[in-house]
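Colleague: What follows is a structure written as structure tokens; I'll ask about it next.
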Amino acid sequence: MANVIGASLKRKEDPRLLTGNGRFSDDIQLPGMLHAVILRSPHAHAKIKKIHAEEALKSQGVVAVYTGKDLEGKIGPVPSSWLVPDANLKEAPQYPLAIDYVRYVGDGVALIIAEDRYVARDALDLIEVEYEVLPAVVHQKEAMQEGVPLVHGDIENNIALHWKAGEVADEIINDAEVVVRESFYVQRVFPSPLETRAAIGQYDAGSGELTLWCTSQNPHIHRMVLSDVLGISEAKLRVIAPDMGGGFGGKIGVYPDEALVGYAARDLKRPVKWIEQRSEHFTASNAGRDEIIDVELAGKRDGTLLAIRVKNTANLGAYLSTMGPGVATIDFGLMITGAYDIPHASCETFGVYTNTTPTDAYRGAGKPEATYQIERIIDLYAREIGMDPIELRRKNFVRKEAFPYTNAQGLLYDSGDYEKPLEKALETLNYEELRQKQRELSKQGKLIGIGFSTYVELCGFGPSEVAGAIGFQGGVWENSTVRVHPSGKVTVYCGTSPHGQGHATTFGQVVAEKLGIPMDDIELVFSDTKSISMGWGTYGSRSTAVGGAAVSIAADRVVEKAKKIAAHELEASEEDIVFENGKFQVKGVPGQQRTFQEIAKSANMAWNLPEGMEPSLEAQSFFKPENFVYPFGTHAAVVEIDKDTGEIELKRYVCVDDVGRVINPLTAEGQVHGGIAQGVGQALWEGAVYSKDGQLLSGTLMDYALPKARFFPRIESAFTETPSPVNPLGAKGVGETGTTASIAAVMNAVMDALKPYNVKDIEMPLTSEKVWRAIQDGEGN
Amino acid sequence: MAIEDREVTVVVNGQERSAAVEPRKLLVHYLRDDLGLTGTHIGCDTSQCGACSIMVNGEAVKSCTMLAVQAEGSEITTVEGLGSIEHLHPMQQSFWEEHGLQCGYCTPGVIMAMLGLLKENPNPSEEEIREGMEGVICRCTGYQFIVSAVQKAAKLMAEAEEQKEETLVANLVREGTHNG
Ligand code: FES
Ligand code: FES
């Protein structure tokens, strides 16, 4: 099938999901299965004096109760997988259940196993824990001060890491014509996949194999880490990620809970299922962001930008999560110049322990924060020098001719044409007219705002050598096998692990195009460590750029071998064979041909293969990209604010994204929409609220505002295509662009609307009350 | 102290089914764990997300807000009772064509809730569809393609309805001629 790449095909994965035939974790029922619940700490910081589990154990249907002390020496601590170098990183061990101290509300204290999920939950109330409550610290800047409580007694000032990249001499800032300074808080939010986390363990005493179904975006990372934690050979641990109701980074982490379930299943020799409750999810699953970003942007009065100096104080929570240490350092700090050619840049990051749930990667991981600070400060700079924010952006964009371009922090942007999506977005908006209208309406007392975010994003994680250099405990290359059966039907095995992105379709499109066979002849296999030798999972918008590329290369290899067989059978030289639309054809000799299916049979039968050729038709690729990929684009928001109530209405949202070559425009647009909803959610509604003593006050869906359908206008989305030179597909990444761009676009629009009051910043989320107060306290009021 | 189990009998997707359950058991758990109908999902514990939406006696209901025993004798439709993989219901077909789902976790509930909406308002505007989704949460799609899917489904279902009527009229006419 030709021209499949680039077609808006319906997804292969949908019919089963639409009819209730999906198989999510909680759908798995095994004979003799037990149910687990975890008793969690109600205190942000306390010493565990004693745990009384006798009552619970006596209760009918309760099979076992484990405490941290019971497991000492039996399960190891769950380590972080991102050991950022040169950062004086101090990792405190996180045991699957707290042993002496609990360090955040939600910290695991006891594991209860029962015959039934209701009985297991009843038993939660039967365990009595004697705590000695200790003072807690919640805010990262407070946590660094002298004399505050220490989250881990031996880690001074609660500083988990201190990292620096780049250097900006004081003179550059001091001598600059213009310096704009602002402090932004990118608040803590929750990834909130609609399906919470889950784990099911099954131990086969005969083979010694432990199978763990769990909500993982990266089952092979889970296998690698958990085999170590549980002391089981990787060859005996099978991790399967079943259908998953989203992840958004929240299911990257290897959590203590999964280790506990695996342990219990092996210990009790019965299947054990653990399903996280939604309210439990808010404290037990990693949160995102929570970074205080102080920015200085220096330059000339004519708009030439010279230097950016940034300090990020990041709240890492009580323990280092799987990717936590890398987010506010590498992911953030190397991208602070955004789409602009700013010659000098530096970033200093403090990662701080607090008595809160750990933070980890959340959709965009560091890049939304980096984009947020540069896109916000550039607007303030434009305001300061009285220039249109678009003009200032244009003046400082990395030029099209400059690619590949090395930014001030040393990253090599692969390809780009930043003007193109900007032009297109302005056209869609009808920018000049819109500004005109804004002025007119403002005369009538209406507050209309137009905001932009011309972002660039780092994704497609990534080159292995770089991963090693930045302390990432993984190879992040990708793996794919294309296996051709005797009938010519194909199974493709992939090391990435989709959970809503639709890779069975998009990767299938790549194979269909390469092999010239129908989509229905292609089966994709993901997310099972037993059938896929290795892989690094789905996060950081890496799946298509790295995993899809591996698929593409493996398919090419299949064609290469098939061509040799065809040439042999047709008694032609290989160079004379053309492969088109699924047929191997001798150039210029019509009728002299073999179909892909015929060659598949020949290869598998091996009755007549070229001299020395091995049988079968199957190829594997381990693709190690030489660089990251850098999607970019322009997002624009138009808002109207009700002066009397502070209520914000999002009137329009226009985005033009350049994600390299688009495999399936329909699913790509779906990713953009979803990403935007999460970014707008952060700007306007979502936010974790902790009390001073570390209680999470926004700990249910009643208190935490996930975006609803009626909050959004129709998103006007388009793409431009600037291929990446980094992989054979020319693809970049699309999963995180929406979130990365939209937070700043919406905030800039609101700030633009509030310009008459000279408001420079309001802490997100922009509740009506905060906006109303800003208006009341603003100039002219 | 455990209270005795109670036999609960319902008609689900046209089939009579029963199971003995604890009186406190939620309807959603009864459907999923006792009857094996796992197409209905659970996304929260405070009745916000709508992932568990089903039809009870023709009305869209969040099945986590009801006890199984309260459903005794009722007629229930879950996503499994709509269409099959081979023959999708127009609502399912529209979700497929318009890319109204990503992870698919919210989808069965959203579909049931939207069928409830179309029952009350067969031709809703975009705004009415968005308002009608107040009781459901989708974290993946940003809702836009769900809106498109519901619009398409409304159209397909109206057409099907029309066709049904036309056939009915045609049959009546034929019968009339026959009788006359
Ligand atoms: S499970 Fe969320 S509303 Fe029923
Ligand atoms: S498709 Fe994932 S929550 Fe709706």
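Numbering starts fresh at 1 for the residues of each chain in the structure tokens, the chains themselves are lettered A, B, ... in the order given, and ligands are numbered from 1 as they appear.
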Name the residues, by chain letter and number, that sit within 8 Å of ligand 2 using only C-alpha atoms and all ligand atoms, and give them as a PyMOL selection string.

Modeller: (chain A and resi 193-195+245-246+500) or (chain B and resi 100-107+137-141)

Colleague: Could you please tell me, as a PyMOL selection string, which residues of chain A have an atom within 8 Å of chain B when using only C-alpha atoms?

Modeller: chain A and resi 10-11+14-22+27+192-196+243-246+277-279+499-502+666-667+670-671+673-678+700-702+706-710+714-715

Colleague: With only C-alpha atoms as the counted atoms, please give the residues lying no more than 12 Å from Leu515 in chain A, apart from itself and same-chain residues fewer than 4 positions off, as a short mmCIF file (atom, residue, chain, number, x, y, z; two decimals) with all heavy atoms, in the first residue's frame.

Modeller:
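Printed below is around35.cif as written:
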data_model
loop_
_atom_site.label_atom_id
_atom_site.label_comp_id
_atom_site.auth_asym_id
_atom_site.auth_seq_id
_atom_site.Cartn_x
_atom_site.Cartn_y
_atom_site.Cartn_z
N MET A 1 0.84 -1.19 0.00
CA MET A 1 0.00 0.00 0.00
C MET A 1 0.88 1.25 0.00
O MET A 1 1.70 1.43 0.87
CB MET A 1 -0.90 0.01 1.24
CG MET A 1 -2.18 -0.79 1.03
SD MET A 1 -3.28 -0.85 2.44
CE MET A 1 -3.57 0.84 2.85
N ALA A 2 0.69 2.08 -0.99
CA ALA A 2 1.50 3.30 -1.07
C ALA A 2 0.76 4.46 -0.41
O ALA A 2 -0.45 4.39 -0.22
CB ALA A 2 1.78 3.63 -2.53
N ASN A 3 1.51 5.48 -0.08
CA ASN A 3 0.94 6.69 0.53
C ASN A 3 0.12 6.42 1.79
O ASN A 3 -0.90 7.03 2.02
CB ASN A 3 0.06 7.46 -0.47
CG ASN A 3 0.86 7.86 -1.68
OD1 ASN A 3 2.04 8.21 -1.56
ND2 ASN A 3 0.25 7.78 -2.84
N VAL A 4 0.55 5.47 2.54
CA VAL A 4 -0.13 5.20 3.81
C VAL A 4 0.42 6.15 4.86
O VAL A 4 -0.30 6.63 5.73
CB VAL A 4 0.08 3.75 4.27
CG1 VAL A 4 -0.96 3.39 5.31
CG2 VAL A 4 0.00 2.80 3.10
N VAL A 482 10.52 -7.02 12.72
CA VAL A 482 9.43 -7.23 11.76
C VAL A 482 9.51 -8.68 11.33
O VAL A 482 10.51 -9.11 10.75
CB VAL A 482 9.56 -6.27 10.56
CG1 VAL A 482 8.51 -6.60 9.50
CG2 VAL A 482 9.41 -4.83 11.03
N ARG A 483 8.50 -9.44 11.67
CA ARG A 483 8.50 -10.89 11.41
C ARG A 483 7.46 -11.22 10.35
O ARG A 483 6.27 -10.95 10.55
CB ARG A 483 8.19 -11.63 12.71
CG ARG A 483 8.15 -13.14 12.58
CD ARG A 483 8.10 -13.78 13.97
NE ARG A 483 9.30 -13.44 14.74
CZ ARG A 483 9.39 -13.53 16.06
NH1 ARG A 483 8.35 -13.92 16.78
NH2 ARG A 483 10.51 -13.22 16.67
N VAL A 484 7.92 -11.79 9.24
CA VAL A 484 7.00 -12.10 8.15
C VAL A 484 6.66 -13.59 8.20
O VAL A 484 7.55 -14.44 8.15
CB VAL A 484 7.62 -11.74 6.79
CG1 VAL A 484 6.60 -11.95 5.67
CG2 VAL A 484 8.12 -10.30 6.80
N GLY A 488 2.70 -14.23 4.45
CA GLY A 488 2.94 -12.83 4.11
C GLY A 488 2.31 -11.87 5.11
O GLY A 488 2.45 -10.66 5.01
N LYS A 489 1.62 -12.42 6.07
CA LYS A 489 1.12 -11.58 7.16
C LYS A 489 2.30 -11.28 8.09
O LYS A 489 3.27 -12.04 8.15
CB LYS A 489 0.02 -12.31 7.94
CG LYS A 489 -1.13 -12.80 7.06
CD LYS A 489 -2.26 -11.81 7.03
CE LYS A 489 -3.56 -12.41 6.53
NZ LYS A 489 -3.59 -12.62 5.07
N VAL A 490 2.17 -10.18 8.82
CA VAL A 490 3.35 -9.69 9.53
C VAL A 490 3.05 -9.39 11.00
O VAL A 490 1.99 -8.85 11.32
CB VAL A 490 3.85 -8.40 8.82
CG1 VAL A 490 4.91 -7.70 9.64
CG2 VAL A 490 4.38 -8.72 7.44
N GLY A 508 1.95 0.76 12.24
CA GLY A 508 1.39 -0.10 11.20
C GLY A 508 1.44 0.59 9.84
O GLY A 508 1.75 -0.04 8.82
N GLN A 509 1.18 1.89 9.84
CA GLN A 509 1.23 2.64 8.58
C GLN A 509 2.63 2.62 7.98
O GLN A 509 2.79 2.52 6.77
CB GLN A 509 0.76 4.09 8.81
CG GLN A 509 -0.74 4.21 9.00
CD GLN A 509 -1.20 5.63 9.32
OE1 GLN A 509 -1.46 5.92 10.47
NE2 GLN A 509 -1.30 6.49 8.32
N VAL A 510 3.61 2.73 8.85
CA VAL A 510 5.00 2.70 8.37
C VAL A 510 5.28 1.36 7.70
O VAL A 510 5.83 1.29 6.59
CB VAL A 510 5.98 2.94 9.55
CG1 VAL A 510 7.42 2.69 9.11
CG2 VAL A 510 5.81 4.35 10.11
N VAL A 511 4.85 0.28 8.35
CA VAL A 511 5.10 -1.06 7.82
C VAL A 511 4.30 -1.28 6.53
O VAL A 511 4.81 -1.83 5.55
CB VAL A 511 4.76 -2.13 8.88
CG1 VAL A 511 4.92 -3.53 8.30
CG2 VAL A 511 5.65 -1.96 10.10
N MET A 519 -3.01 -2.80 5.85
CA MET A 519 -2.94 -2.59 7.30
C MET A 519 -3.45 -3.81 8.06
O MET A 519 -2.94 -4.15 9.12
CB MET A 519 -3.80 -1.37 7.69
CG MET A 519 -3.22 -0.03 7.35
SD MET A 519 -1.77 0.39 8.34
CE MET A 519 -2.53 0.87 9.90
N ASP A 521 -3.10 -6.78 7.48
CA ASP A 521 -2.16 -7.91 7.50
C ASP A 521 -1.07 -7.71 8.55
O ASP A 521 -0.14 -8.51 8.66
CB ASP A 521 -1.49 -8.07 6.12
CG ASP A 521 -2.45 -8.70 5.11
OD1 ASP A 521 -3.62 -8.95 5.48
OD2 ASP A 521 -2.03 -8.94 3.96
N ILE A 522 -1.16 -6.61 9.30
CA ILE A 522 -0.07 -6.27 10.22
C ILE A 522 -0.56 -6.27 11.67
O ILE A 522 -1.53 -5.59 11.99
CB ILE A 522 0.50 -4.88 9.88
CG1 ILE A 522 0.94 -4.83 8.41
CG2 ILE A 522 1.66 -4.52 10.79
CD1 ILE A 522 1.07 -3.43 7.86
N VAL A 551 11.21 0.62 13.58
CA VAL A 551 10.26 -0.16 12.77
C VAL A 551 10.57 0.04 11.29
O VAL A 551 10.62 -0.91 10.50
CB VAL A 551 8.81 0.28 13.08
CG1 VAL A 551 7.82 -0.33 12.09
CG2 VAL A 551 8.43 -0.09 14.51
N SER A 552 10.77 1.29 10.92
CA SER A 552 11.03 1.63 9.53
C SER A 552 12.30 0.94 9.02
O SER A 552 12.32 0.37 7.92
CB SER A 552 11.14 3.15 9.43
OG SER A 552 11.63 3.54 8.19
N ILE A 553 13.34 0.96 9.83
CA ILE A 553 14.61 0.35 9.41
C ILE A 553 14.46 -1.17 9.31
O ILE A 553 14.93 -1.79 8.35
CB ILE A 553 15.74 0.73 10.40
CG1 ILE A 553 15.99 2.24 10.34
CG2 ILE A 553 17.02 -0.05 10.09
CD1 ILE A 553 16.83 2.78 11.49
N ALA A 554 13.78 -1.77 10.28
CA ALA A 554 13.60 -3.23 10.24
C ALA A 554 12.80 -3.62 9.00
O ALA A 554 13.12 -4.62 8.34
CB ALA A 554 12.89 -3.70 11.52
N ALA A 555 11.78 -2.83 8.67
CA ALA A 555 10.97 -3.13 7.48
C ALA A 555 11.83 -3.01 6.22
O ALA A 555 11.73 -3.83 5.30
CB ALA A 555 9.77 -2.20 7.41
N ASP A 556 12.69 -2.01 6.18
CA ASP A 556 13.60 -1.87 5.04
C ASP A 556 14.49 -3.10 4.89
O ASP A 556 14.75 -3.56 3.79
CB ASP A 556 14.51 -0.63 5.23
CG ASP A 556 13.81 0.66 4.86
OD1 ASP A 556 12.79 0.60 4.14
OD2 ASP A 556 14.27 1.73 5.31
N ARG A 557 14.92 -3.62 6.02
CA ARG A 557 15.80 -4.80 5.99
C ARG A 557 15.06 -6.02 5.45
O ARG A 557 15.64 -6.85 4.76
CB ARG A 557 16.37 -5.07 7.38
CG ARG A 557 17.41 -4.05 7.73
CD ARG A 557 18.04 -4.28 9.09
NE ARG A 557 18.95 -3.17 9.35
CZ ARG A 557 19.36 -2.79 10.55
NH1 ARG A 557 18.94 -3.45 11.63
NH2 ARG A 557 20.18 -1.78 10.69
N VAL A 558 13.79 -6.12 5.80
CA VAL A 558 12.98 -7.21 5.28
C VAL A 558 12.91 -7.12 3.76
O VAL A 558 13.11 -8.10 3.04
CB VAL A 558 11.57 -7.18 5.91
CG1 VAL A 558 10.58 -8.01 5.09
CG2 VAL A 558 11.61 -7.67 7.34
N VAL A 559 12.67 -5.91 3.28
CA VAL A 559 12.56 -5.71 1.83
C VAL A 559 13.89 -6.05 1.15
O VAL A 559 13.92 -6.70 0.10
CB VAL A 559 12.13 -4.26 1.51
CG1 VAL A 559 12.22 -3.99 0.01
CG2 VAL A 559 10.73 -4.01 2.03
N GLU A 560 14.96 -5.66 1.77
CA GLU A 560 16.29 -5.92 1.22
C GLU A 560 16.51 -7.43 1.00
O GLU A 560 16.95 -7.85 -0.07
CB GLU A 560 17.32 -5.42 2.25
CG GLU A 560 18.53 -4.73 1.69
CD GLU A 560 19.33 -4.17 2.86
OE1 GLU A 560 18.94 -3.11 3.43
OE2 GLU A 560 20.32 -4.83 3.24
N LYS A 561 16.17 -8.20 2.01
CA LYS A 561 16.36 -9.65 1.89
C LYS A 561 15.38 -10.23 0.87
O LYS A 561 15.74 -11.08 0.05
CB LYS A 561 16.18 -10.32 3.26
CG LYS A 561 16.38 -11.83 3.20
CD LYS A 561 16.42 -12.47 4.59
CE LYS A 561 16.62 -13.98 4.47
NZ LYS A 561 16.60 -14.66 5.77
N ALA A 562 14.14 -9.76 0.94
CA ALA A 562 13.11 -10.27 0.03
C ALA A 562 13.50 -10.01 -1.43
O ALA A 562 13.27 -10.83 -2.31
CB ALA A 562 11.77 -9.61 0.35
N LYS A 563 14.12 -8.87 -1.64
CA LYS A 563 14.55 -8.51 -2.99
C LYS A 563 15.57 -9.51 -3.53
O LYS A 563 15.52 -9.92 -4.69
CB LYS A 563 15.20 -7.11 -2.91
CG LYS A 563 14.91 -6.23 -4.09
CD LYS A 563 15.58 -4.89 -3.87
CE LYS A 563 14.83 -3.81 -4.60
NZ LYS A 563 15.38 -2.48 -4.35
N PHE A 579 10.83 -2.71 -6.26
CA PHE A 579 9.76 -3.13 -5.35
C PHE A 579 8.75 -2.00 -5.26
O PHE A 579 9.06 -0.90 -4.81
CB PHE A 579 10.35 -3.45 -3.98
CG PHE A 579 9.32 -3.91 -2.99
CD1 PHE A 579 8.50 -5.00 -3.27
CD2 PHE A 579 9.16 -3.26 -1.78
CE1 PHE A 579 7.55 -5.43 -2.36
CE2 PHE A 579 8.20 -3.69 -0.85
CZ PHE A 579 7.39 -4.78 -1.15
N GLU A 580 7.55 -2.29 -5.69
CA GLU A 580 6.51 -1.26 -5.70
C GLU A 580 5.17 -1.90 -5.41
O GLU A 580 4.86 -2.97 -5.97
CB GLU A 580 6.45 -0.61 -7.10
CG GLU A 580 6.91 0.85 -7.12
CD GLU A 580 6.98 1.37 -8.53
OE1 GLU A 580 6.18 0.91 -9.38
OE2 GLU A 580 7.84 2.21 -8.79
N ASN A 581 4.38 -1.25 -4.61
CA ASN A 581 3.03 -1.74 -4.31
C ASN A 581 2.99 -3.22 -3.96
O ASN A 581 2.11 -3.96 -4.40
CB ASN A 581 2.10 -1.49 -5.50
CG ASN A 581 1.93 -0.01 -5.75
OD1 ASN A 581 1.91 0.78 -4.80
ND2 ASN A 581 1.84 0.37 -7.01
N GLY A 582 3.96 -3.66 -3.23
CA GLY A 582 3.95 -5.04 -2.77
C GLY A 582 4.41 -6.05 -3.81
O GLY A 582 4.20 -7.25 -3.63
N LYS A 583 5.00 -5.56 -4.89
CA LYS A 583 5.46 -6.50 -5.92
C LYS A 583 6.93 -6.26 -6.28
O LYS A 583 7.37 -5.12 -6.42
CB LYS A 583 4.62 -6.36 -7.18
CG LYS A 583 3.21 -6.85 -6.99
CD LYS A 583 2.48 -6.98 -8.32
CE LYS A 583 1.05 -7.45 -8.09
NZ LYS A 583 0.20 -6.38 -7.50
N PHE A 584 7.64 -7.39 -6.42
CA PHE A 584 9.03 -7.32 -6.89
C PHE A 584 9.00 -7.57 -8.39
O PHE A 584 8.57 -8.62 -8.85
CB PHE A 584 9.88 -8.38 -6.19
CG PHE A 584 9.94 -8.19 -4.70
CD1 PHE A 584 9.00 -8.79 -3.87
CD2 PHE A 584 10.92 -7.39 -4.13
CE1 PHE A 584 9.04 -8.60 -2.49
CE2 PHE A 584 10.97 -7.21 -2.76
CZ PHE A 584 10.03 -7.81 -1.94
N THR A 595 5.02 -11.54 -5.84
CA THR A 595 4.36 -10.70 -4.82
C THR A 595 5.12 -10.83 -3.50
O THR A 595 5.88 -11.80 -3.30
CB THR A 595 2.90 -11.14 -4.57
OG1 THR A 595 2.93 -12.47 -4.06
CG2 THR A 595 2.10 -11.09 -5.86
N PHE A 596 4.86 -9.90 -2.62
CA PHE A 596 5.48 -9.97 -1.30
C PHE A 596 5.11 -11.28 -0.62
O PHE A 596 5.94 -11.92 0.02
CB PHE A 596 5.02 -8.77 -0.45
CG PHE A 596 5.60 -8.76 0.93
CD1 PHE A 596 6.91 -8.32 1.13
CD2 PHE A 596 4.87 -9.20 2.02
CE1 PHE A 596 7.47 -8.33 2.40
CE2 PHE A 596 5.43 -9.22 3.30
CZ PHE A 596 6.73 -8.77 3.49
N GLN A 597 3.86 -11.69 -0.79
CA GLN A 597 3.38 -12.92 -0.15
C GLN A 597 4.11 -14.15 -0.70
O GLN A 597 4.43 -15.08 0.05
CB GLN A 597 1.86 -13.06 -0.35
CG GLN A 597 1.01 -12.05 0.43
CD GLN A 597 1.05 -10.63 -0.14
OE1 GLN A 597 1.48 -10.42 -1.29
NE2 GLN A 597 0.63 -9.67 0.66
N ILE A 599 7.13 -14.24 -1.91
CA ILE A 599 8.48 -14.24 -1.36
C ILE A 599 8.48 -14.65 0.11
O ILE A 599 9.37 -15.34 0.59
CB ILE A 599 9.16 -12.86 -1.55
CG1 ILE A 599 9.24 -12.52 -3.04
CG2 ILE A 599 10.53 -12.82 -0.91
CD1 ILE A 599 10.09 -13.46 -3.86
N ALA A 600 7.43 -14.24 0.82
CA ALA A 600 7.32 -14.62 2.23
C ALA A 600 7.29 -16.14 2.35
O ALA A 600 7.93 -16.73 3.21
CB ALA A 600 6.05 -14.02 2.83
#

Colleague: Closest to ligand 1 among B:Gly14, B:Gly109, B:Gly73, B:Gly58, using only C-alpha atoms and all ligand atoms?

Modeller: B:Gly109

Colleague: With distances taken over only C-alpha atoms and all ligand atoms, which of B:Gln163, B:Ser53, B:Ser148, B:Asn121 is nearest to ligand 1?

Modeller: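 Of B:Gln163, B:Ser53, B:Ser148, B:Asn121, the one nearest ligand 1, counting only C-alpha atoms and all ligand atoms, is B:Ser53.
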
Colleague: Among range 44-170 of chain B, which residues does DSSP mark as helix (DSSP H, G or I) when it is run on the backbone? Keep the chain and numbering as in the structure and answer as a PyMOL selection string.

Modeller: chain B and resi 68-71+79-81+90-97+107-120+126-132+144-170

Colleague: With a distance cut-off of 6 Å and only C-alpha atoms, select the neighbouring residues of Gly730 in chain A, excluding the residue or stretch itself and same-chain residues fewer than 6 positions from it, and output the selection as a list in words.

Modeller: Gly660, Arg661, Pro723 and Ser724 of chain A

Colleague: What's the separation between CA of Ile648 in chain A and CA of Arg439 in chain A, in Å to one decimal place?

Modeller: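 Going from CA of Ile648 in chain A over to CA of Arg439 in chain A covers 18.3 Å.
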
Colleague: Hey, which of B:Asn123, B:Asn171, B:Ser63, B:Gln151 ends up closest to ligand 1? Count only C-alpha atoms and all ligand atoms.

Modeller: B:Ser63

Colleague: CA of Gln444 in chain A and CA of Thr645 in chain A are how many Å apart?

Modeller: 17.1 Å

Colleague: Identify, on the basis of only C-alpha atoms, every residue whose closest approach to Lys624 in chain A does not exceed 12 Å; exclude the query and any residue fewer than 6 positions from it along the same chain; express the result as number ranges by chain.

Modeller: A: 460-467, 475-480, 535-536, 542, 545-550, 553, 726-728

Colleague: Pull N, CA and C atoms from the residues just selected and write them as a CSV table (one decimal), in the first residue's frame.

Modeller:
chain,number,residue,atom,x,y,z
A,460,GLY,N,12.2,13.0,21.7
A,460,GLY,CA,12.9,11.9,21.0
A,460,GLY,C,14.1,11.4,21.8
A,461,PHE,N,13.9,11.2,23.0
A,461,PHE,CA,14.9,10.7,23.9
A,461,PHE,C,15.3,9.3,23.4
A,462,GLY,N,16.6,9.0,23.1
A,462,GLY,CA,17.6,10.0,22.7
A,462,GLY,C,18.9,9.2,22.5
A,463,PRO,N,19.9,9.9,22.2
A,463,PRO,CA,21.2,9.3,21.9
A,463,PRO,C,21.7,8.7,23.2
A,464,SER,N,22.1,7.4,23.1
A,464,SER,CA,22.6,6.7,24.3
A,464,SER,C,23.8,7.3,25.0
A,465,GLU,N,24.7,7.8,24.2
A,465,GLU,CA,25.9,8.4,24.8
A,465,GLU,C,25.5,9.6,25.6
A,466,VAL,N,24.6,10.4,25.1
A,466,VAL,CA,24.1,11.6,25.9
A,466,VAL,C,23.4,11.1,27.1
A,467,ALA,N,22.6,10.1,27.0
A,467,ALA,CA,21.9,9.6,28.2
A,467,ALA,C,22.9,9.2,29.3
A,475,GLY,N,19.4,3.2,28.2
A,475,GLY,CA,20.0,3.3,26.9
A,475,GLY,C,19.2,4.2,25.9
A,476,VAL,N,17.9,4.2,26.1
A,476,VAL,CA,17.0,5.0,25.3
A,476,VAL,C,17.2,4.9,23.8
A,477,TRP,N,17.7,3.8,23.3
A,477,TRP,CA,17.6,3.5,21.9
A,477,TRP,C,16.3,2.8,21.7
A,478,GLU,N,16.0,2.3,20.5
A,478,GLU,CA,14.8,1.5,20.4
A,478,GLU,C,15.0,0.2,19.6
A,479,ASN,N,14.0,-0.6,19.7
A,479,ASN,CA,14.1,-2.0,19.2
A,479,ASN,C,12.9,-2.4,18.5
A,480,SER,N,13.0,-2.9,17.3
A,480,SER,CA,11.8,-3.4,16.6
A,480,SER,C,12.2,-4.7,15.8
A,535,GLY,N,13.6,-2.6,25.3
A,535,GLY,CA,13.0,-1.4,24.8
A,535,GLY,C,13.0,-0.4,25.9
A,536,TRP,N,12.7,0.8,25.6
A,536,TRP,CA,12.8,1.8,26.7
A,536,TRP,C,11.5,2.6,26.9
A,542,ARG,N,9.1,10.2,22.4
A,542,ARG,CA,10.2,9.5,21.7
A,542,ARG,C,9.7,8.3,20.8
A,545,ALA,N,9.7,9.0,16.8
A,545,ALA,CA,11.0,9.4,16.3
A,545,ALA,C,12.1,8.4,16.6
A,546,VAL,N,12.0,7.6,17.6
A,546,VAL,CA,13.0,6.6,17.9
A,546,VAL,C,12.4,5.2,17.6
A,547,GLY,N,11.3,4.8,18.2
A,547,GLY,CA,10.6,3.5,18.0
A,547,GLY,C,10.1,3.3,16.6
A,548,GLY,N,9.4,4.3,16.1
A,548,GLY,CA,8.9,4.3,14.7
A,548,GLY,C,10.1,4.2,13.7
A,549,ALA,N,11.2,4.8,14.0
A,549,ALA,CA,12.3,4.8,13.2
A,549,ALA,C,12.9,3.3,13.1
A,550,ALA,N,12.9,2.7,14.3
A,550,ALA,CA,13.4,1.3,14.4
A,550,ALA,C,12.5,0.4,13.5
A,553,ILE,N,13.3,1.0,9.8
A,553,ILE,CA,14.6,0.3,9.4
A,553,ILE,C,14.5,-1.2,9.3
A,726,VAL,N,17.3,13.5,11.8
A,726,VAL,CA,17.9,12.6,12.8
A,726,VAL,C,17.4,11.2,12.6
A,727,ASN,N,16.3,11.0,12.0
A,727,ASN,CA,15.8,9.6,11.8
A,727,ASN,C,15.2,9.4,10.4
A,728,PRO,N,15.1,8.2,9.9
A,728,PRO,CA,14.7,7.9,8.5
A,728,PRO,C,13.3,8.4,8.2
